[in-house]
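Read through the structure below, which is laid out as structure tokens, and then see the notes.
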Amino acid sequence: MSDSKGFVEMENIFAKTMDKLGTETAFEVLARARALEAQGKEIVHLEIGEPDFDTPKNIIDAAVSALQSGYTHYTPASGLPLLKETIANYVKTHKNVDTNPEEVVVVPGGKPIMFYGIIATVNPGDEVIYPNPGFPIYESVIKFVGGVPVPIPLREENQFRLDVNELEGLITSKTKMLIINSPQNPTGGVLTKEDIMKIADLVRGKNILVLSDEIYDRMIYTDDKPLSIASLPGLKDWTIILDGFSKTYAMTGWRIGYGIMNKKIAEKITQLMVNSNSCTAAFTQMAAVEALTGPQDDVLEMVSQFKNRRDIMVDGLNAIDGVTCLRPKGAFYVFPNVSSFGKTSKEIADYLLLEAGVACLAGTSFGSYGEGYLRLSYANSVENIEKALSKMKEALSKLK
Ligand code: PLP
């Protein structure tokens, strides 16, 4: 068998559904940036959405101690009882949602809740409304299961919050799920309490599930406490809350997150866990108990540093001729408007990578409504942010 024939045969082995699966551009841009670094080019990384801080020491110590005391075996598929109870208590206090351990499923990261939540509930032909620009995996998984993706645009003039009247017009008898994400990736937009209450009024009693992605809900730079839609009357049983440890506790590489959902959905998601991961790593789960119950000073310190970096980033971007940038209220991303350069977001992102050595993402990596914008993560040191800003200023001045 010749090599070329072997390759052709290999192309044919994939399941048709794989054609529907999308990806996350951040990892592709990271690979391109690393390749340029290997050629000796200096790159400032503003493309990846992960805290640059190390995981707090008390959490690392808890993991080491768990490994040494035998947490090296399988756990129940939905998580250790101690962690599920700890999460339920945290969710009650922090999100004001009256839940219990039976409604908690622990999974490896926040992402699996998206994947399993959609696989478990969305049938071919069901409509799913999701934010655009938004986290790309929502649309990817909706398409993967044969659902109909219905984007709700997030616009700069509305501080990248969804427009509730527009949402009302998108709801049909086929709407199975609404995905909301606040604070939001990629825009940093935060839904107001009034927005959440109006959204709840729209979906209540209509057999519409809400996937509420709350992974950034500790990263808020105003005095407003976030409101979980699941805490509103009639919504708890119809909401799947997605949350986890990756962002709040700088634990992206640990792979641990969780969902809160009614017991029936929890059983289905547990079944998906049994069929895929079996369980989340045992010692990681013990570290997560420490994360939620131990001192929170490191989290507060990280959030305060993010706020400072946000301001440096926003002020620096607004000082660049042709760029305008809102001051986001949450998460660790900015979404500056670069439409004045008369190029696509992708062209500008590519130009900045090659010309300025600044890796960032085109707004269109998050959907078509991201055209005209870039996403920059400020989960990086002040020194690197300032370096990136001065390199961008110089490179973009050549486009004017
Ligand atoms: N939800 C949003 C909006 C995110 O931005 C991310 C990660 O970037 C996730 C979920 C997934 O987080 P995890 O790394 O815990 O899977």
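Every chain in the structure tokens has a letter given in the order shown (A, B, ...), and although residue numbers restart at 1 in each chain, ligands are simply numbered from 1 in the order shown.
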Selection within 10 Å of ligand 1 by only C-alpha atoms and all ligand atoms, output as a ChimeraX atom specification: /A:24,26,48-50,107-114,134-138,180-186,188,212-216,242-248,250-258,331-333
Per residue of range 293-340 of chain A within 9 Å of range 352-375 of chain A, what are the shortest atom pair and its distance in Å to one decimal, counting only C-alpha atoms, with rows by chain and residue number, as JSON lines?
```
{"residue": "A:Tyr333", "atom": "CA", "partner": "A:Arg375", "partner_atom": "CA", "distance": 6.6}
{"residue": "A:Val334", "atom": "CA", "partner": "A:Arg375", "partner_atom": "CA", "distance": 5.9}
{"residue": "A:Phe335", "atom": "CA", "partner": "A:Arg375", "partner_atom": "CA", "distance": 4.8}
{"residue": "A:Pro336", "atom": "CA", "partner": "A:Tyr373", "partner_atom": "CA", "distance": 5.5}
{"residue": "A:Asn337", "atom": "CA", "partner": "A:Tyr373", "partner_atom": "CA", "distance": 4.6}
{"residue": "A:Val338", "atom": "CA", "partner": "A:Tyr373", "partner_atom": "CA", "distance": 5.5}
{"residue": "A:Ser339", "atom": "CA", "partner": "A:Gly372", "partner_atom": "CA", "distance": 4.4}
{"residue": "A:Ser340", "atom": "CA", "partner": "A:Gly372", "partner_atom": "CA", "distance": 8.2}
```
Dump of N, CA, C and O atoms for the selected residues, as an mmCIF file, in the first residue's frame:
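The new file selection30.cif reads:
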```cif
data_model
loop_
_atom_site.group_PDB
_atom_site.id
_atom_site.type_symbol
_atom_site.label_atom_id
_atom_site.label_comp_id
_atom_site.auth_asym_id
_atom_site.auth_seq_id
_atom_site.Cartn_x
_atom_site.Cartn_y
_atom_site.Cartn_z
ATOM 1 N N TYR A 333 -10.647 39.854 29.972
ATOM 2 C CA TYR A 333 -10.476 40.125 28.542
ATOM 3 C C TYR A 333 -10.942 41.540 28.226
ATOM 4 O O TYR A 333 -11.851 42.055 28.861
ATOM 5 N N VAL A 334 -10.307 42.131 27.191
ATOM 6 C CA VAL A 334 -10.864 43.354 26.598
ATOM 7 C C VAL A 334 -11.191 43.042 25.139
ATOM 8 O O VAL A 334 -10.614 42.126 24.551
ATOM 9 N N PHE A 335 -12.113 43.816 24.587
ATOM 10 C CA PHE A 335 -12.610 43.549 23.232
ATOM 11 C C PHE A 335 -12.605 44.865 22.453
ATOM 12 O O PHE A 335 -13.666 45.443 22.174
ATOM 13 N N PRO A 336 -11.398 45.369 22.136
ATOM 14 C CA PRO A 336 -11.320 46.681 21.486
ATOM 15 C C PRO A 336 -11.851 46.683 20.050
ATOM 16 O O PRO A 336 -11.734 45.680 19.337
ATOM 17 N N ASN A 337 -12.393 47.827 19.669
ATOM 18 C CA ASN A 337 -12.922 48.027 18.324
ATOM 19 C C ASN A 337 -11.781 48.519 17.424
ATOM 20 O O ASN A 337 -11.161 49.548 17.699
ATOM 21 N N VAL A 338 -11.500 47.758 16.375
ATOM 22 C CA VAL A 338 -10.405 48.142 15.466
ATOM 23 C C VAL A 338 -10.940 48.311 14.037
ATOM 24 O O VAL A 338 -10.189 48.229 13.068
ATOM 25 N N SER A 339 -12.248 48.538 13.939
ATOM 26 C CA SER A 339 -12.856 48.583 12.601
ATOM 27 C C SER A 339 -12.364 49.784 11.780
ATOM 28 O O SER A 339 -12.449 49.772 10.552
ATOM 29 N N SER A 340 -11.823 50.816 12.460
ATOM 30 C CA SER A 340 -11.425 52.019 11.722
ATOM 31 C C SER A 340 -10.264 51.750 10.756
ATOM 32 O O SER A 340 -9.992 52.556 9.874
#
```
Would you please work out which residue, of A:Ile229, A:Val105, A:Ala200, A:Ala388, is nearest to Ile312 in chain A when using only C-alpha atoms? A:Ala388
Can you pull out every residue from range 128-332 of chain A that DSSP, working from the backbone, puts in strand (DSSP E or B), and format the result as a CSV table (one decimal) with all heavy atoms, in the first residue's frame?
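Saved to out_20.csv:
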```csv
chain,number,residue,atom,x,y,z
A,128,VAL,N,-31.0,26.3,19.9
A,128,VAL,CA,-30.2,26.7,21.1
A,128,VAL,C,-29.8,28.1,20.8
A,128,VAL,O,-29.0,28.4,19.9
A,128,VAL,CB,-29.0,25.8,21.4
A,128,VAL,CG1,-28.3,26.3,22.6
A,128,VAL,CG2,-29.5,24.3,21.5
A,129,ILE,N,-30.2,29.0,21.7
A,129,ILE,CA,-29.8,30.4,21.6
A,129,ILE,C,-28.5,30.6,22.4
A,129,ILE,O,-28.4,30.2,23.5
A,129,ILE,CB,-30.9,31.4,22.1
A,129,ILE,CG1,-32.2,31.1,21.4
A,129,ILE,CG2,-30.5,32.8,22.0
A,129,ILE,CD1,-33.4,31.8,21.9
A,130,TYR,N,-27.5,31.3,21.8
A,130,TYR,CA,-26.2,31.4,22.4
A,130,TYR,C,-25.6,32.7,22.1
A,130,TYR,O,-25.9,33.3,21.0
A,130,TYR,CB,-25.3,30.2,22.0
A,130,TYR,CG,-24.9,30.3,20.6
A,130,TYR,CD1,-23.6,30.8,20.2
A,130,TYR,CD2,-25.8,30.0,19.6
A,130,TYR,CE1,-23.3,30.9,18.9
A,130,TYR,CE2,-25.4,30.2,18.3
A,130,TYR,CZ,-24.2,30.6,17.9
A,130,TYR,OH,-23.8,30.8,16.6
A,131,PRO,N,-24.7,33.3,23.0
A,131,PRO,CA,-24.2,34.6,22.7
A,131,PRO,C,-23.2,34.6,21.6
A,131,PRO,O,-22.3,33.7,21.5
A,131,PRO,CB,-23.5,35.0,24.0
A,131,PRO,CG,-23.3,33.7,24.8
A,131,PRO,CD,-24.3,32.7,24.3
A,132,ASN,N,-23.2,35.7,20.8
A,132,ASN,CA,-22.3,35.8,19.6
A,132,ASN,C,-21.9,37.3,19.6
A,132,ASN,O,-22.7,38.1,19.3
A,132,ASN,CB,-22.9,35.3,18.3
A,132,ASN,CG,-22.0,35.4,17.1
A,132,ASN,OD1,-21.2,36.2,17.0
A,132,ASN,ND2,-22.2,34.5,16.2
A,148,VAL,N,-29.8,23.4,16.2
A,148,VAL,CA,-29.8,24.6,15.4
A,148,VAL,C,-29.2,25.8,16.2
A,148,VAL,O,-29.9,26.2,17.1
A,148,VAL,CB,-31.2,24.9,14.8
A,148,VAL,CG1,-31.2,26.1,13.9
A,148,VAL,CG2,-31.8,23.7,14.1
A,149,PRO,N,-28.0,26.2,15.8
A,149,PRO,CA,-27.5,27.4,16.6
A,149,PRO,C,-28.2,28.7,16.3
A,149,PRO,O,-28.3,29.0,15.1
A,149,PRO,CB,-26.0,27.4,16.2
A,149,PRO,CG,-25.8,26.4,15.2
A,149,PRO,CD,-27.1,25.8,14.8
A,150,VAL,N,-28.7,29.4,17.3
A,150,VAL,CA,-29.4,30.6,17.0
A,150,VAL,C,-28.6,31.7,17.8
A,150,VAL,O,-28.7,31.8,19.0
A,150,VAL,CB,-30.8,30.6,17.6
A,150,VAL,CG1,-31.6,31.9,17.3
A,150,VAL,CG2,-31.6,29.4,16.9
A,151,PRO,N,-27.8,32.5,17.1
A,151,PRO,CA,-26.9,33.5,17.8
A,151,PRO,C,-27.7,34.7,18.3
A,151,PRO,O,-28.6,35.1,17.6
A,151,PRO,CB,-25.9,33.9,16.7
A,151,PRO,CG,-26.5,33.6,15.4
A,151,PRO,CD,-27.5,32.5,15.6
A,152,ILE,N,-27.4,35.1,19.5
A,152,ILE,CA,-28.0,36.4,19.9
A,152,ILE,C,-26.8,37.4,19.9
A,152,ILE,O,-25.8,37.1,20.7
A,152,ILE,CB,-28.7,36.3,21.3
A,152,ILE,CG1,-29.0,37.7,21.9
A,152,ILE,CG2,-28.0,35.6,22.4
A,152,ILE,CD1,-30.4,38.0,21.9
A,153,PRO,N,-26.9,38.4,19.1
A,153,PRO,CA,-25.7,39.3,19.0
A,153,PRO,C,-25.5,40.1,20.3
A,153,PRO,O,-26.4,40.5,21.0
A,153,PRO,CB,-26.1,40.3,17.9
A,153,PRO,CG,-27.4,39.8,17.3
A,153,PRO,CD,-28.0,38.8,18.3
A,154,LEU,N,-24.2,40.3,20.7
A,154,LEU,CA,-23.8,41.1,21.8
A,154,LEU,C,-23.2,42.3,21.2
A,154,LEU,O,-22.2,42.2,20.4
A,154,LEU,CB,-22.9,40.4,22.7
A,154,LEU,CG,-23.3,39.1,23.3
A,154,LEU,CD1,-22.3,38.6,24.4
A,154,LEU,CD2,-24.7,39.2,23.9
A,162,LEU,N,-26.6,41.1,26.2
A,162,LEU,CA,-27.6,40.8,25.2
A,162,LEU,C,-28.8,41.7,25.4
A,162,LEU,O,-29.1,42.2,26.5
A,162,LEU,CB,-28.0,39.3,25.3
A,162,LEU,CG,-28.7,38.7,26.5
A,162,LEU,CD1,-30.1,39.1,26.6
A,162,LEU,CD2,-28.5,37.2,26.5
A,175,THR,N,-37.3,26.3,20.7
A,175,THR,CA,-36.1,26.6,21.5
A,175,THR,C,-36.0,25.6,22.7
A,175,THR,O,-37.0,25.5,23.5
A,175,THR,CB,-36.3,28.1,22.1
A,175,THR,OG1,-36.5,29.0,21.1
A,175,THR,CG2,-35.1,28.5,22.9
A,176,LYS,N,-34.9,25.0,22.7
A,176,LYS,CA,-34.7,24.0,23.8
A,176,LYS,C,-33.8,24.5,24.9
A,176,LYS,O,-34.0,24.2,26.1
A,176,LYS,CB,-34.0,22.7,23.2
A,176,LYS,CG,-33.8,21.6,24.2
A,176,LYS,CD,-35.1,21.0,24.6
A,176,LYS,CE,-34.9,19.8,25.5
A,176,LYS,NZ,-34.7,18.6,24.8
A,177,MET,N,-32.9,25.4,24.5
A,177,MET,CA,-31.9,25.9,25.5
A,177,MET,C,-31.5,27.3,25.2
A,177,MET,O,-31.4,27.7,24.0
A,177,MET,CB,-30.7,24.9,25.5
A,177,MET,CG,-29.6,25.3,26.4
A,177,MET,SD,-28.1,24.2,26.3
A,177,MET,CE,-28.6,22.9,27.4
A,178,LEU,N,-31.2,28.0,26.3
A,178,LEU,CA,-30.6,29.4,26.1
A,178,LEU,C,-29.3,29.3,26.9
A,178,LEU,O,-29.3,28.9,28.1
A,178,LEU,CB,-31.5,30.4,26.8
A,178,LEU,CG,-30.9,31.8,27.1
A,178,LEU,CD1,-30.5,32.5,25.8
A,178,LEU,CD2,-31.8,32.6,27.9
A,179,ILE,N,-28.2,29.8,26.2
A,179,ILE,CA,-26.9,29.8,26.9
A,179,ILE,C,-26.6,31.2,27.3
A,179,ILE,O,-26.7,32.1,26.4
A,179,ILE,CB,-25.8,29.2,26.1
A,179,ILE,CG1,-26.1,27.8,25.7
A,179,ILE,CG2,-24.4,29.3,26.8
A,179,ILE,CD1,-25.1,27.1,24.7
A,180,ILE,N,-26.3,31.5,28.6
A,180,ILE,CA,-25.9,32.8,29.0
A,180,ILE,C,-24.5,32.7,29.7
A,180,ILE,O,-24.2,31.6,30.2
A,180,ILE,CB,-26.9,33.6,29.9
A,180,ILE,CG1,-27.3,32.8,31.1
A,180,ILE,CG2,-28.1,34.0,29.1
A,180,ILE,CD1,-28.1,33.5,32.1
A,181,ASN,N,-23.7,33.7,29.6
A,181,ASN,CA,-22.4,33.7,30.2
A,181,ASN,C,-22.1,35.1,30.7
A,181,ASN,O,-21.9,36.0,29.9
A,181,ASN,CB,-21.4,33.3,29.0
A,181,ASN,CG,-19.9,33.4,29.4
A,181,ASN,OD1,-19.1,33.7,28.6
A,181,ASN,ND2,-19.6,33.1,30.7
A,209,LEU,N,-34.4,25.2,28.8
A,209,LEU,CA,-33.3,25.0,29.7
A,209,LEU,C,-32.4,26.2,29.6
A,209,LEU,O,-32.2,26.7,28.5
A,209,LEU,CB,-32.5,23.7,29.4
A,209,LEU,CG,-33.1,22.4,29.8
A,209,LEU,CD1,-32.4,21.3,29.1
A,209,LEU,CD2,-33.1,22.2,31.4
A,210,VAL,N,-31.8,26.6,30.7
A,210,VAL,CA,-30.8,27.7,30.6
A,210,VAL,C,-29.4,27.1,31.0
A,210,VAL,O,-29.3,26.4,32.1
A,210,VAL,CB,-31.1,28.8,31.6
A,210,VAL,CG1,-30.0,29.9,31.5
A,210,VAL,CG2,-32.5,29.4,31.3
A,211,LEU,N,-28.4,27.2,30.2
A,211,LEU,CA,-27.1,26.8,30.5
A,211,LEU,C,-26.4,28.1,31.0
A,211,LEU,O,-26.2,29.0,30.1
A,211,LEU,CB,-26.3,26.2,29.4
A,211,LEU,CG,-24.9,25.8,29.6
A,211,LEU,CD1,-24.7,24.8,30.7
A,211,LEU,CD2,-24.2,25.3,28.3
A,212,SER,N,-26.2,28.3,32.3
A,212,SER,CA,-25.6,29.5,32.8
A,212,SER,C,-24.1,29.3,33.1
A,212,SER,O,-23.8,28.7,34.1
A,212,SER,CB,-26.4,30.0,34.0
A,212,SER,OG,-25.9,31.2,34.5
A,213,ASP,N,-23.3,29.9,32.2
A,213,ASP,CA,-21.9,29.7,32.4
A,213,ASP,C,-21.4,30.8,33.3
A,213,ASP,O,-21.2,32.0,32.9
A,213,ASP,CB,-21.2,29.8,31.0
A,213,ASP,CG,-19.7,29.5,31.0
A,213,ASP,OD1,-19.1,29.6,32.1
A,213,ASP,OD2,-19.2,29.2,29.9
A,220,ILE,N,-15.2,40.2,39.1
A,220,ILE,CA,-16.1,41.3,38.8
A,220,ILE,C,-15.5,42.5,39.4
A,220,ILE,O,-15.0,42.5,40.6
A,220,ILE,CB,-17.5,41.0,39.4
A,220,ILE,CG1,-18.2,39.8,38.7
A,220,ILE,CG2,-18.4,42.3,39.4
A,220,ILE,CD1,-19.6,39.9,38.4
A,239,THR,N,-32.2,25.2,35.1
A,239,THR,CA,-30.9,25.8,34.9
A,239,THR,C,-29.8,24.8,35.1
A,239,THR,O,-29.9,24.1,36.1
A,239,THR,CB,-30.7,27.0,35.8
A,239,THR,OG1,-31.7,28.0,35.6
A,239,THR,CG2,-29.3,27.7,35.5
A,240,ILE,N,-28.8,24.8,34.2
A,240,ILE,CA,-27.6,24.0,34.5
A,240,ILE,C,-26.6,25.1,34.7
A,240,ILE,O,-26.2,25.9,33.8
A,240,ILE,CB,-27.2,23.2,33.3
A,240,ILE,CG1,-28.3,22.2,32.9
A,240,ILE,CG2,-25.8,22.5,33.5
A,240,ILE,CD1,-28.0,21.3,31.6
A,241,ILE,N,-26.0,25.2,35.9
A,241,ILE,CA,-25.0,26.1,36.2
A,241,ILE,C,-23.6,25.5,35.9
A,241,ILE,O,-23.4,24.3,36.3
A,241,ILE,CB,-24.9,26.6,37.7
A,241,ILE,CG1,-26.2,27.3,38.1
A,241,ILE,CG2,-23.7,27.4,38.0
A,241,ILE,CD1,-26.3,27.6,39.6
A,242,LEU,N,-22.8,26.2,35.1
A,242,LEU,CA,-21.5,25.7,34.9
A,242,LEU,C,-20.5,26.6,35.7
A,242,LEU,O,-20.6,27.8,35.6
A,242,LEU,CB,-21.2,25.9,33.4
A,242,LEU,CG,-19.8,25.5,32.8
A,242,LEU,CD1,-19.9,25.2,31.3
A,242,LEU,CD2,-18.7,26.5,33.1
A,243,ASP,N,-19.7,26.0,36.5
A,243,ASP,CA,-18.6,26.7,37.2
A,243,ASP,C,-17.4,25.8,37.4
A,243,ASP,O,-17.5,24.6,37.1
A,243,ASP,CB,-19.2,27.2,38.5
A,243,ASP,CG,-18.5,28.5,39.0
A,243,ASP,OD1,-17.3,28.7,38.6
A,243,ASP,OD2,-19.1,29.2,39.8
A,244,GLY,N,-16.4,26.3,38.0
A,244,GLY,CA,-15.2,25.5,38.2
A,244,GLY,C,-14.1,26.3,38.9
A,244,GLY,O,-14.3,27.4,39.4
A,257,GLY,N,-14.0,21.1,37.4
A,257,GLY,CA,-15.1,22.0,37.4
A,257,GLY,C,-16.3,21.3,37.8
A,257,GLY,O,-16.3,20.1,38.3
A,258,TYR,N,-17.5,21.9,37.8
A,258,TYR,CA,-18.7,21.2,38.2
A,258,TYR,C,-19.9,21.9,37.6
A,258,TYR,O,-19.9,23.0,37.0
A,258,TYR,CB,-18.8,21.3,39.7
A,258,TYR,CG,-18.9,22.7,40.3
A,258,TYR,CD1,-20.1,23.3,40.5
A,258,TYR,CD2,-17.7,23.3,40.7
A,258,TYR,CE1,-20.1,24.6,41.1
A,258,TYR,CE2,-17.7,24.6,41.3
A,258,TYR,CZ,-18.9,25.2,41.4
A,258,TYR,OH,-18.9,26.5,42.0
A,259,GLY,N,-21.0,21.1,37.6
A,259,GLY,CA,-22.3,21.7,37.2
A,259,GLY,C,-23.3,21.5,38.4
A,259,GLY,O,-23.2,20.6,39.2
A,260,ILE,N,-24.3,22.4,38.4
A,260,ILE,CA,-25.4,22.3,39.4
A,260,ILE,C,-26.6,22.2,38.5
A,260,ILE,O,-26.8,23.0,37.6
A,260,ILE,CB,-25.5,23.6,40.2
A,260,ILE,CG1,-24.2,23.9,40.9
A,260,ILE,CG2,-26.7,23.4,41.2
A,260,ILE,CD1,-23.7,22.9,42.0
A,324,THR,N,-10.7,51.9,19.9
A,324,THR,CA,-11.5,52.3,21.0
A,324,THR,C,-11.9,51.1,21.8
A,324,THR,O,-12.1,50.0,21.2
A,324,THR,CB,-12.9,53.0,20.6
A,324,THR,OG1,-13.5,52.1,19.7
A,324,THR,CG2,-12.6,54.4,19.9
A,330,GLY,N,-16.0,42.7,34.0
A,330,GLY,CA,-15.6,41.4,34.5
A,330,GLY,C,-14.7,40.6,33.6
A,330,GLY,O,-14.3,41.0,32.6
```
Quick one: distance from CA of Ala282 in chain A to CA of Tyr71 in chain A in Å, one decimal? 5.4 Å
